[in-house]
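Trainee: You'll find entry_15.txt just under this line, and it carries compact mmCIF, C-alpha atoms.
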# COMPACT_ATOMS: atom_id res chain seq x y z
CA MET A 103 0.44 -10.87 32.83
CA GLN A 104 -3.08 -11.11 31.42
CA LEU A 105 -4.42 -9.01 34.29
CA SER A 106 -1.90 -6.26 33.62
CA ILE A 107 -2.89 -6.20 29.96
CA GLN A 108 -6.56 -5.94 30.95
CA ILE A 109 -5.79 -3.09 33.35
CA ARG A 110 -3.80 -1.30 30.65
CA HIS A 111 -6.66 -1.61 28.18
CA ALA A 112 -9.17 -0.42 30.79
CA LEU A 113 -7.06 2.64 31.61
CA ALA A 114 -6.59 3.39 27.93
CA GLY A 115 -10.32 3.15 27.38
CA THR A 116 -11.01 5.49 30.30
CA ALA A 117 -8.53 8.00 28.90
CA ALA A 118 -10.24 7.80 25.55
CA VAL A 119 -13.65 8.50 27.09
CA LEU A 120 -12.27 11.53 28.92
CA LEU A 121 -10.80 12.93 25.72
CA LEU A 122 -14.00 12.44 23.80
CA ALA A 123 -15.87 14.13 26.64
CA GLY A 124 -13.74 17.23 26.10
CA THR A 125 -10.97 16.91 28.70
CA ALA A 126 -7.28 16.87 27.88
CA VAL A 127 -6.58 13.48 29.51
CA ALA A 128 -5.65 10.81 26.99
CA GLU A 129 -2.88 8.41 26.18
CA PRO A 130 -1.12 9.13 22.90
CA ILE A 131 -2.14 6.81 20.09
CA THR A 132 0.45 4.84 18.16
CA VAL A 133 0.20 5.23 14.40
CA VAL A 134 2.36 2.87 12.35
CA SER A 135 3.19 3.49 8.70
CA TRP A 136 6.12 2.89 6.35
CA GLY A 137 9.32 4.87 6.00
CA GLY A 138 10.91 6.85 3.20
CA THR A 139 9.00 9.36 1.10
CA TYR A 140 5.67 7.62 1.73
CA GLY A 141 5.90 7.99 5.51
CA ALA A 142 7.07 11.58 5.13
CA ALA A 143 4.15 12.30 2.77
CA GLN A 144 1.62 11.02 5.29
CA ASP A 145 3.24 12.99 8.09
CA ASN A 146 3.17 16.22 6.10
CA ALA A 147 -0.24 15.81 4.48
CA LEU A 148 -2.24 13.99 7.16
CA PHE A 149 -0.80 13.19 10.55
CA ASN A 150 0.86 16.42 11.69
CA ASP A 151 -2.07 18.73 10.97
CA ALA A 152 -4.70 16.25 12.16
CA SER A 153 -2.87 15.84 15.46
CA LYS A 154 -2.65 19.62 15.88
CA ASN A 155 -6.29 20.21 14.94
CA THR A 156 -7.74 17.51 17.18
CA GLY A 157 -5.33 17.73 20.09
CA ILE A 158 -4.72 13.99 19.78
CA GLU A 159 -1.07 13.24 20.42
CA ILE A 160 0.40 10.54 18.22
CA ILE A 161 3.47 8.34 18.48
CA ARG A 162 4.71 7.62 14.96
CA GLU A 163 6.41 4.35 14.18
CA SER A 164 7.61 2.80 10.94
CA GLY A 165 7.62 -0.85 9.97
CA ALA A 166 3.90 -1.31 9.41
CA SER A 167 3.02 -4.96 8.84
CA MET A 168 -0.16 -6.99 9.01
CA SER A 169 1.91 -10.03 10.00
CA LYS A 170 3.26 -8.13 13.01
CA THR A 171 -0.24 -6.85 13.74
CA CYS A 172 -1.58 -10.40 13.89
CA LEU A 173 1.33 -11.47 16.09
CA GLN A 174 0.45 -8.72 18.56
CA VAL A 175 -3.19 -9.79 18.57
CA GLU A 176 -2.38 -13.48 18.95
CA SER A 177 0.02 -12.78 21.85
CA GLY A 178 -2.50 -10.56 23.62
CA SER A 179 -0.08 -7.64 23.80
CA VAL A 180 -1.35 -5.08 21.30
CA THR A 181 0.55 -1.78 21.37
CA TRP A 182 -0.46 -0.33 17.98
CA ASP A 183 -3.65 1.68 17.42
CA LEU A 184 -3.66 2.42 13.67
CA VAL A 185 -1.61 0.57 11.09
CA VAL A 186 -1.15 1.40 7.41
CA SER A 187 -1.58 -1.60 5.13
CA GLY A 188 -1.95 -2.57 1.53
CA SER A 189 -5.54 -3.55 0.81
CA GLY A 190 -4.70 -7.21 0.20
CA GLY A 191 -2.79 -7.61 3.43
CA ALA A 192 -5.61 -5.97 5.37
CA ALA A 193 -8.20 -8.25 3.74
CA ASN A 194 -6.20 -11.29 4.76
CA ALA A 195 -5.68 -10.02 8.32
CA ALA A 196 -9.39 -9.30 8.66
CA ALA A 197 -10.23 -12.83 7.50
CA LYS A 198 -7.93 -14.13 10.25
CA GLY A 199 -9.74 -12.07 12.91
CA CYS A 200 -6.84 -9.68 13.59
CA LEU A 201 -8.67 -6.38 13.03
CA GLU A 202 -11.30 -4.28 14.75
CA PRO A 203 -14.33 -3.36 12.66
CA ILE A 204 -14.37 0.29 11.63
CA ASP A 205 -17.03 2.36 13.38
CA TYR A 206 -18.67 4.15 10.47
CA SER A 207 -20.84 6.18 12.82
CA VAL A 208 -17.57 7.96 13.68
CA VAL A 209 -15.62 7.67 10.41
CA ASP A 210 -17.51 9.37 7.59
CA VAL A 211 -16.94 7.71 4.21
CA SER A 212 -20.05 9.10 2.51
CA ASP A 213 -17.83 10.99 0.04
CA PHE A 214 -15.45 8.10 -0.61
CA TYR A 215 -15.21 6.37 -3.95
CA PRO A 216 -16.91 2.96 -3.93
CA ASN A 217 -14.72 -0.06 -3.14
CA LEU A 218 -12.06 2.00 -1.35
CA TYR A 219 -13.05 0.91 2.14
CA THR A 220 -14.18 -2.30 3.81
CA ASP A 221 -15.64 -3.27 7.17
CA TYR A 222 -12.10 -3.41 8.56
CA CYS A 223 -10.04 -0.91 6.58
CA VAL A 224 -10.45 2.71 5.42
CA GLY A 225 -8.69 3.71 2.21
CA SER A 226 -5.96 6.31 2.58
CA ASP A 227 -4.69 6.65 -0.99
CA VAL A 228 -4.85 5.07 -4.44
CA PHE A 229 -1.60 3.86 -6.00
CA ALA A 230 -0.35 1.63 -8.78
CA THR A 231 2.13 -1.24 -8.81
CA VAL A 232 4.10 -0.62 -11.99
CA MET A 233 7.23 -1.69 -13.82
CA ALA A 234 9.88 1.03 -13.82
CA TRP A 235 13.12 1.25 -15.76
CA ASN A 236 16.30 3.22 -16.26
CA THR A 237 15.45 5.75 -18.98
CA ASP A 238 19.09 6.17 -19.98
CA LYS A 239 19.10 2.51 -20.97
CA TYR A 240 15.61 1.92 -22.41
CA GLY A 241 14.26 5.37 -23.25
CA GLU A 242 11.52 7.60 -21.90
CA PRO A 243 7.99 6.20 -21.41
CA GLY A 244 6.14 6.12 -24.72
CA SER A 245 9.26 6.43 -26.82
CA GLU A 246 10.04 3.96 -29.57
CA GLY A 247 11.74 0.90 -28.13
CA ALA A 248 10.78 1.59 -24.50
CA PRO A 249 9.11 -1.21 -22.48
CA GLN A 250 5.35 -1.34 -22.93
CA ASN A 251 3.95 -4.11 -20.72
CA TRP A 252 4.75 -6.95 -18.34
CA ALA A 253 5.77 -9.21 -21.22
CA ASP A 254 8.60 -6.75 -21.92
CA PHE A 255 9.62 -6.74 -18.27
CA PHE A 256 9.97 -10.52 -18.28
CA ASP A 257 11.72 -10.63 -21.67
CA ALA A 258 15.43 -10.48 -20.83
CA GLU A 259 16.41 -11.12 -24.45
CA LYS A 260 14.46 -8.21 -25.90
CA PHE A 261 15.37 -5.99 -22.93
CA PRO A 262 18.66 -7.31 -21.55
CA GLY A 263 19.61 -6.08 -18.12
CA THR A 264 19.15 -6.66 -14.43
CA ARG A 265 15.80 -6.75 -12.65
CA ALA A 266 14.46 -6.24 -9.12
CA TYR A 267 11.34 -7.93 -7.77
CA ARG A 268 9.37 -8.11 -4.55
CA ALA A 269 10.82 -10.17 -1.70
CA ASN A 270 8.96 -12.29 0.84
CA ASN A 271 5.54 -10.84 0.07
CA VAL A 272 3.12 -12.03 -2.58
CA ASP A 273 1.10 -8.81 -2.84
CA GLY A 274 1.35 -7.61 -6.43
CA ALA A 275 3.92 -10.27 -7.35
CA LEU A 276 1.92 -12.96 -9.14
CA GLU A 277 -0.43 -10.91 -11.31
CA PRO A 278 2.35 -9.39 -13.48
CA ALA A 279 3.84 -12.83 -14.08
CA LEU A 280 0.55 -14.19 -15.43
CA MET A 281 0.01 -11.19 -17.70
CA ALA A 282 3.57 -11.64 -18.97
CA ASP A 283 2.69 -15.29 -19.65
CA GLY A 284 -0.21 -14.29 -21.89
CA VAL A 285 -3.17 -14.29 -19.50
CA ALA A 286 -5.60 -11.45 -20.23
CA PRO A 287 -5.91 -8.99 -17.34
CA GLU A 288 -9.61 -9.76 -16.87
CA ASP A 289 -8.78 -13.46 -16.42
CA VAL A 290 -5.86 -13.12 -14.02
CA TYR A 291 -7.70 -13.72 -10.75
CA GLU A 292 -9.74 -16.59 -12.15
CA VAL A 293 -6.49 -18.32 -13.13
CA LEU A 294 -4.84 -17.47 -9.81
CA SER A 295 -7.75 -19.02 -7.90
CA THR A 296 -6.36 -22.48 -8.74
CA ARG A 297 -3.19 -24.13 -7.49
CA GLU A 298 -2.17 -24.68 -11.10
CA GLY A 299 -2.56 -20.96 -11.83
CA MET A 300 -0.45 -19.94 -8.83
CA GLU A 301 2.27 -22.37 -9.86
CA ARG A 302 2.14 -21.00 -13.40
CA ALA A 303 2.85 -17.51 -12.06
CA ILE A 304 5.63 -18.79 -9.78
CA ASN A 305 7.25 -20.63 -12.67
CA LYS A 306 7.24 -17.47 -14.78
CA ILE A 307 9.07 -15.62 -12.01
CA ARG A 308 11.42 -18.60 -11.72
CA GLU A 309 12.35 -18.15 -15.39
CA LEU A 310 13.25 -14.52 -14.71
CA LYS A 311 15.08 -15.24 -11.45
CA PRO A 312 18.59 -15.50 -13.02
CA HIS A 313 18.17 -11.87 -14.12
CA ILE A 314 16.82 -10.65 -10.76
CA ALA A 315 19.76 -8.96 -9.06
CA VAL A 316 17.81 -7.69 -6.06
CA PHE A 317 14.64 -8.71 -4.27
CA TRP A 318 13.36 -5.49 -2.71
CA GLY A 319 11.67 -5.32 0.66
CA SER A 320 10.35 -1.76 0.85
CA GLY A 321 9.27 1.24 -1.16
CA ALA A 322 12.30 3.16 0.03
CA GLN A 323 14.50 0.43 -1.42
CA GLN A 324 12.68 0.58 -4.76
CA ALA A 325 13.47 4.27 -5.03
CA GLN A 326 17.08 3.86 -3.96
CA LEU A 327 17.68 1.10 -6.51
CA MET A 328 16.71 3.48 -9.30
CA LYS A 329 18.56 6.47 -7.85
CA ASP A 330 21.73 4.41 -7.67
CA ALA A 331 21.10 2.77 -11.08
CA GLU A 332 21.70 -0.54 -9.29
CA VAL A 333 19.19 -2.36 -11.52
CA ASP A 334 17.78 -1.66 -14.96
CA MET A 335 14.15 -2.55 -14.26
CA THR A 336 12.08 -3.09 -11.14
CA THR A 337 8.54 -3.52 -9.96
CA GLY A 338 7.24 -1.05 -7.42
CA TRP A 339 4.90 1.79 -6.55
CA ASN A 340 4.41 4.74 -8.84
CA GLY A 341 4.74 7.46 -6.21
CA ARG A 342 8.08 6.16 -5.04
CA PHE A 343 9.46 6.42 -8.56
CA ASP A 344 8.05 9.91 -9.12
CA ASN A 345 9.77 11.10 -5.95
CA ALA A 346 13.00 9.32 -6.99
CA LYS A 347 12.84 11.17 -10.31
CA LYS A 348 12.53 14.48 -8.44
CA ASP A 349 15.71 13.48 -6.62
CA GLY A 350 17.53 12.98 -9.92
CA ALA A 351 16.92 9.31 -10.71
CA LYS A 352 16.78 8.37 -14.39
CA VAL A 353 13.51 6.48 -14.03
CA GLY A 354 10.28 6.10 -15.96
CA TYR A 355 7.27 3.81 -15.76
CA THR A 356 4.01 3.00 -17.48
CA LEU A 357 0.51 2.60 -16.04
CA LYS A 358 -0.39 0.12 -18.78
CA GLN A 359 -1.25 -3.22 -17.11
CA ALA A 360 -0.33 -1.71 -13.72
CA LEU A 361 -2.13 -3.02 -10.65
CA LEU A 362 -4.61 -0.45 -9.34
CA ASP A 363 -4.63 -0.70 -5.57
CA TYR A 364 -5.09 1.31 -2.43
CA ASP A 365 -3.46 1.65 0.97
CA CYS A 366 -5.67 1.80 4.00
CA PHE A 367 -5.76 2.31 7.74
CA ALA A 368 -6.58 -0.70 9.89
CA MET A 369 -6.96 -1.08 13.64
CA PRO A 370 -5.58 -4.13 15.45
CA LYS A 371 -8.14 -6.10 17.43
CA GLY A 372 -7.78 -4.96 21.04
CA ALA A 373 -6.12 -1.64 20.16
CA PRO A 374 -5.34 0.03 23.52
CA ASN A 375 -6.77 3.43 22.52
CA LYS A 376 -9.52 2.32 20.18
CA ASP A 377 -11.97 5.21 20.67
CA VAL A 378 -9.37 7.96 20.32
CA ALA A 379 -7.78 6.22 17.33
CA MET A 380 -11.19 5.98 15.64
CA LYS A 381 -11.64 9.72 16.11
CA PHE A 382 -8.19 10.35 14.63
CA LEU A 383 -9.01 8.08 11.69
CA ALA A 384 -12.17 10.11 11.07
CA GLU A 385 -10.09 13.29 10.98
CA ILE A 386 -7.43 12.09 8.52
CA SER A 387 -10.15 10.73 6.21
CA LYS A 388 -11.46 14.25 5.56
CA ALA A 389 -11.05 15.79 2.12
CA GLU A 390 -8.97 18.76 3.27
CA TYR A 391 -6.16 16.46 4.41
CA GLN A 392 -6.32 14.06 1.48
CA ALA A 393 -6.18 16.99 -0.93
CA ASN A 394 -2.63 17.68 0.29
CA LEU A 395 -1.27 14.19 -0.34
CA PRO A 396 -0.50 14.49 -4.09
CA PHE A 397 1.85 17.40 -3.37
CA HIS A 398 4.06 15.01 -1.42
CA ILE A 399 3.60 11.74 -3.33
CA THR A 400 1.65 11.03 -6.53
CA TYR A 401 -1.08 8.89 -5.00
CA GLY A 402 -4.74 9.71 -5.49
CA PRO A 403 -7.22 10.57 -2.73
CA THR A 404 -9.90 8.08 -1.70
CA ASN A 405 -12.23 10.90 -0.64
CA LYS A 406 -13.59 12.28 -3.92
CA LYS A 407 -14.26 15.72 -2.41
CA ALA A 408 -10.50 16.14 -2.17
CA TYR A 409 -10.51 16.78 -5.91
CA GLU A 410 -12.88 19.71 -5.35
CA VAL A 411 -10.77 21.42 -2.71
CA THR A 412 -7.23 20.66 -3.90
CA THR A 413 -5.07 23.38 -5.41
CA ALA A 414 -3.00 20.83 -7.35
CA SER A 415 -2.37 21.54 -11.01
CA LYS A 416 -4.29 19.82 -13.82
CA GLU A 417 -1.07 18.09 -14.86
CA LEU A 418 -0.53 16.66 -11.38
CA ILE A 419 -4.14 15.50 -11.02
CA GLU A 420 -4.08 13.80 -14.42
CA SER A 421 -0.91 11.89 -13.49
CA LEU A 422 -2.55 10.18 -10.50
CA PRO A 423 -3.47 6.49 -10.85
CA SER A 424 -7.03 7.26 -9.76
CA HIS A 425 -7.63 9.74 -12.60
CA PRO A 426 -10.45 8.48 -14.86
CA SER A 427 -8.18 8.49 -17.92
CA ASN A 428 -5.71 6.14 -16.23
CA VAL A 429 -8.01 3.63 -14.54
CA PRO A 430 -9.02 1.71 -17.72
CA MET A 431 -5.36 0.84 -18.42
CA MET A 432 -4.94 -0.97 -15.12
CA LEU A 433 -5.99 -4.17 -13.37
CA PRO A 434 -7.85 -3.49 -10.10
CA VAL A 435 -6.55 -5.66 -7.26
CA GLN A 436 -9.18 -8.20 -6.19
CA LEU A 437 -9.43 -8.29 -2.40
CA ASP A 438 -11.54 -11.46 -2.31
CA TRP A 439 -8.65 -13.34 -3.86
CA TYR A 440 -6.23 -12.05 -1.25
CA ALA A 441 -8.59 -12.92 1.59
CA LYS A 442 -9.03 -16.50 0.34
CA HIS A 443 -5.74 -17.41 -1.33
CA ARG A 444 -2.96 -15.17 -0.02
CA GLU A 445 -1.61 -17.69 2.52
CA GLU A 446 -1.32 -20.52 -0.01
CA ALA A 447 0.24 -18.24 -2.62
CA LEU A 448 2.72 -16.84 -0.10
CA GLU A 449 3.83 -20.35 0.85
CA LEU A 450 4.61 -21.09 -2.80
CA TYR A 451 6.38 -17.78 -3.23
CA MET A 452 8.55 -18.30 -0.18
CA GLU A 453 9.61 -21.67 -1.57
CA LEU A 454 10.79 -19.82 -4.69
CA MET A 455 12.69 -17.31 -2.53
CA SER A 456 14.56 -20.12 -0.76
CA GLU A 457 15.73 -21.84 -3.97
Output the structure of this file as structure tokens.

Mentor:
Amino acid sequence: MQLSIQIRHALAGTAAVLLLAGTAVAEPITVVSWGGTYGAAQDNALFNDASKNTGIEIIRESGASMSKTCLQVESGSVTWDLVVSGSGGAANAAAKGCLEPIDYSVVDVSDFYPNLYTDYCVGSDVFATVMAWNTDKYGEPGSEGAPQNWADFFDAEKFPGTRAYRANNVDGALEPALMADGVAPEDVYEVLSTREGMERAINKIRELKPHIAVFWGSGAQQAQLMKDAEVDMTTGWNGRFDNAKKDGAKVGYTLKQALLDYDCFAMPKGAPNKDVAMKFLAEISKAEYQANLPFHITYGPTNKKAYEVTTASKELIESLPSHPSNVPMMLPVQLDWYAKHREEALELYMELMSE
């Protein structure tokens, strides 16, 4: 079994060398992202054109997961080449030794914003984890009486109604609970770096749990919950809600106290087509591709030159989480915390899920 895996990797590496040398011989690379409007946005803005322009054939799969990535690595049967991840999940996977280092002699990040790439992950877009609500019930964002912050989200007396919250994943789940409990945004990660602080956040979610009608497991589900008016408020990702609104959902959100975060591309350790995948990663990191992304989902580019070449309107650009006027309202996600504490926090969170 091990020998066959080694032979497969050797053949894949040979194919990669031939492609990079200018021949047409190469195995397709497997690129794994998420589904729904996010996956469609990446296909339309990045993957399809990059594949056509480079001649690199890609196999697209959904169901991206750093847990599954690590399982592939640990079992010695890696089939994925590039995997989309939230920054926190990638930081934790890198700390566990599951990822290949990015070859920055191939992938050019000289025009990237600082802190939007690491040794093991290249930023693909900037997004925000927000609270969203049914505007028919609570009003439009900024209107009198509409929710303003996480304290309002957790206050089921002031804002009666059903909630939805993240299931089985701690990324972006504990920070809102602490802010709702009175912790200043700048102190959130210091508090969360203790067992007591994690338990404080869990207990705040526990208080809200009787009002949580749905624990969501994907961005597509977030959007569908609001389109169907199945819940009155939910946590989730800003671009999903903007696209749901385009589809007729009565949904609004605020960037105040939102979590400023980014998605990135990571490569599993032992990726079968590492060299070709690295070349493809270099291509989709270029400004001309990233400039197209906001047309398909309201996430900001990580390559700052994308703002120079995009034809997006001023209104669209100013709505992106990465716009300078929006950044000061938000709490940047701290990757060091996720690398060090994510496993312990997830264990506590899963205990809450099982209650």

Trainee: Any idea what the distance is between atom CA of Val378 of chain A and atom CA of Tyr409 of chain A?

Mentor: 27.7 Å

Trainee: For Ser226 of chain A, which residue among A:Pro423, A:Gly188, A:Gly157, A:Pro249 is the nearest when counting only C-alpha atoms?

Mentor: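 Counting only C-alpha atoms, the residue closest to Ser226 of chain A is A:Gly188.
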
Trainee: Between A:Gln324, A:Gln392, A:Thr231, A:Thr337, single out the one closest to Tyr267 of chain A, counting all atoms listed in the file.

Mentor: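 Of A:Gln324, A:Gln392, A:Thr231, A:Thr337, the one nearest Tyr267 of chain A, counting all atoms listed in the file, is A:Thr337.
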
Trainee: Within 8 Å of Thr356 of chain A, counting all atoms listed in the file, which residues show up once you throw out same-chain ones fewer than 3 positions away? Write them as an MDAnalysis selection string, please.

Mentor: chainID A and resid 232:234 243 250:251 360

Trainee: Per residue of segment 282-334 of chain A within 10 Å of segment 133-148 of chain A, note the shortest atom pair and the distance in Å to one decimal, counting only C-alpha atoms, and order the rows by chain and increasing residue number, as a Markdown table.

Mentor:
| residue | atom | partner | partner_atom | distance |
| --- | --- | --- | --- | --- |
| A:Ser320 | CA | A:Trp136 | CA | 8.4 |
| A:Gly321 | CA | A:Gly138 | CA | 7.3 |
| A:Ala322 | CA | A:Gly138 | CA | 5.1 |
| A:Gln323 | CA | A:Gly138 | CA | 8.7 |
| A:Ala325 | CA | A:Gly138 | CA | 9.0 |
| A:Gln326 | CA | A:Gly138 | CA | 9.9 |

Trainee: Output C-alpha atoms of each residue in that selection to a file, as a compact mmCIF listing (two decimals), in the coordinates of the input.

Mentor:
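Written out: part_37.txt:
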# COMPACT_ATOMS: atom_id res chain seq x y z
CA SER A 320 10.35 -1.76 0.85
CA GLY A 321 9.27 1.24 -1.16
CA ALA A 322 12.30 3.16 0.03
CA GLN A 323 14.50 0.43 -1.42
CA ALA A 325 13.47 4.27 -5.03
CA GLN A 326 17.08 3.86 -3.96

Trainee: Once you count all atoms listed in the file, what closest atom pair and distance in Å to one decimal does each residue of segment 215-245 of chain A within 8 Å of segment 348-354 of chain A have, with rows by chain and rising residue number, as JSON lines?

Mentor:
{"residue": "A:Ala234", "atom": "CA", "partner": "A:Gly354", "partner_atom": "CA", "distance": 5.5}
{"residue": "A:Trp235", "atom": "CA", "partner": "A:Val353", "partner_atom": "CA", "distance": 5.5}
{"residue": "A:Asn236", "atom": "CA", "partner": "A:Val353", "partner_atom": "CA", "distance": 4.8}
{"residue": "A:Thr237", "atom": "CA", "partner": "A:Val353", "partner_atom": "CA", "distance": 5.4}
{"residue": "A:Asp238", "atom": "CA", "partner": "A:Lys352", "partner_atom": "CA", "distance": 6.4}
{"residue": "A:Glu242", "atom": "CA", "partner": "A:Gly354", "partner_atom": "CA", "distance": 6.3}
{"residue": "A:Pro243", "atom": "CA", "partner": "A:Gly354", "partner_atom": "CA", "distance": 5.9}

Trainee: So the first atom is atom CA of Tyr215 of chain A and the second is atom CA of Lys154 of chain A; what is the distance between them in Å, to one decimal place?

Mentor: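 That distance, rounded to one decimal, is 27.0 Å.
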
Trainee: Considering only C-alpha atoms, state which residue in the set A:Ala266, A:Leu422, A:Met432, A:Ala384 is at the smallest distance from Val224 of chain A.

Mentor: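 Closest residue, counting only C-alpha atoms: A:Ala384.
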
Trainee: Just how far from atom CA of Ile131 of chain A is atom CA of Ser207 of chain A, in Å to one decimal?

Mentor: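 Going from atom CA of Ser207 of chain A over to atom CA of Ile131 of chain A covers 20.1 Å.
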
Trainee: A:Ile158, A:Val175, A:Ile314, A:Ala197: which is nearest Arg444 of chain A, counting all atoms listed in the file?

Mentor: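 For Arg444 of chain A, the nearest of the candidates is A:Ala197.
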
Trainee: Pick the closest to Ala408 of chain A from A:Phe214, A:Pro130, A:Met281, A:Ser421: which is it, counting all atoms listed in the file?

Mentor: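 Looking only at the distances to Ala408 of chain A, the closest residue turns out to be A:Phe214.
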
Trainee: Mind listing whatever residues come within 12 Å of the point (-2.7, -20.4, 0.0)? Use all atoms listed in the file, file coordinates, and give them as a list in words.

Mentor: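 Neighbouring residues, ordered by chain and number, come to Asn194, Val272, Leu294, Ser295, Thr296, Arg297, Glu298, Gly299, Met300, Glu301, Trp439, Tyr440, Ala441, Lys442, His443, Arg444, Glu445, Glu446, Ala447, Leu448, Glu449, Leu450, Tyr451 and Met452 of chain A.
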
Trainee: Between A:Ser187, A:Asn428, A:Thr412, A:Ser387, which residue has the minimum interatomic distance to Ala152 of chain A, considering all atoms listed in the file?

Mentor: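 Nearest to Ala152 of chain A: A:Ser387.
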
Trainee: With 5 Å on each side, where is the centre of the axis-aligned box around all listed atoms of segment 290-301 of chain A, and how long are its edges in Å to one decimal, as AutoDock Vina command-line options?

Mentor:
--center_x -3.7 --center_y -18.9 --center_z -10.8 --size_x 22.0 --size_y 21.6 --size_z 16.5

Trainee: Some atoms are absent from segment 214-227 of chain A, so rebuild N, CA and C atoms and return them as an mmCIF file, in the coordinates of the input.

Mentor:
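Output below, filename rebuild-v9.cif:
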data_model
loop_
_atom_site.group_PDB
_atom_site.id
_atom_site.type_symbol
_atom_site.label_atom_id
_atom_site.label_comp_id
_atom_site.auth_asym_id
_atom_site.auth_seq_id
_atom_site.Cartn_x
_atom_site.Cartn_y
_atom_site.Cartn_z
ATOM 1 N N PHE A 214 -16.496 8.958 -0.070
ATOM 2 C CA PHE A 214 -15.450 8.100 -0.610
ATOM 3 C C PHE A 214 -15.896 7.461 -1.915
ATOM 4 N N TYR A 215 -14.909 7.162 -2.771
ATOM 5 C CA TYR A 215 -15.210 6.370 -3.950
ATOM 6 C C TYR A 215 -15.613 4.963 -3.522
ATOM 7 N N PRO A 216 -16.517 4.328 -4.264
ATOM 8 C CA PRO A 216 -16.910 2.960 -3.930
ATOM 9 C C PRO A 216 -15.697 2.022 -3.964
ATOM 10 N N ASN A 217 -15.745 0.990 -3.159
ATOM 11 C CA ASN A 217 -14.720 -0.060 -3.140
ATOM 12 C C ASN A 217 -13.366 0.395 -2.617
ATOM 13 N N LEU A 218 -13.315 1.548 -1.942
ATOM 14 C CA LEU A 218 -12.060 2.000 -1.350
ATOM 15 C C LEU A 218 -12.105 1.973 0.172
ATOM 16 N N TYR A 219 -13.006 1.177 0.702
ATOM 17 C CA TYR A 219 -13.050 0.910 2.140
ATOM 18 C C TYR A 219 -13.797 -0.399 2.347
ATOM 19 N N THR A 220 -13.506 -1.048 3.465
ATOM 20 C CA THR A 220 -14.180 -2.300 3.810
ATOM 21 C C THR A 220 -14.659 -2.202 5.260
ATOM 22 N N ASP A 221 -15.203 -3.270 5.774
ATOM 23 C CA ASP A 221 -15.640 -3.270 7.170
ATOM 24 C C ASP A 221 -14.465 -3.092 8.127
ATOM 25 N N TYR A 222 -13.260 -3.392 7.659
ATOM 26 C CA TYR A 222 -12.100 -3.410 8.560
ATOM 27 C C TYR A 222 -10.971 -2.476 8.132
ATOM 28 N N CYS A 223 -11.136 -1.739 7.074
ATOM 29 C CA CYS A 223 -10.040 -0.910 6.580
ATOM 30 C C CYS A 223 -10.589 0.294 5.816
ATOM 31 N N VAL A 224 -10.015 1.471 6.066
ATOM 32 C CA VAL A 224 -10.450 2.710 5.420
ATOM 33 C C VAL A 224 -9.350 3.187 4.481
ATOM 34 N N GLY A 225 -9.674 3.327 3.201
ATOM 35 C CA GLY A 225 -8.690 3.710 2.210
ATOM 36 C C GLY A 225 -8.035 5.043 2.504
ATOM 37 N N SER A 226 -6.712 5.083 2.341
ATOM 38 C CA SER A 226 -5.960 6.310 2.580
ATOM 39 C C SER A 226 -5.449 6.947 1.297
ATOM 40 N N ASP A 227 -5.179 6.126 0.283
ATOM 41 C CA ASP A 227 -4.690 6.650 -0.990
ATOM 42 C C ASP A 227 -4.779 5.562 -2.048
#
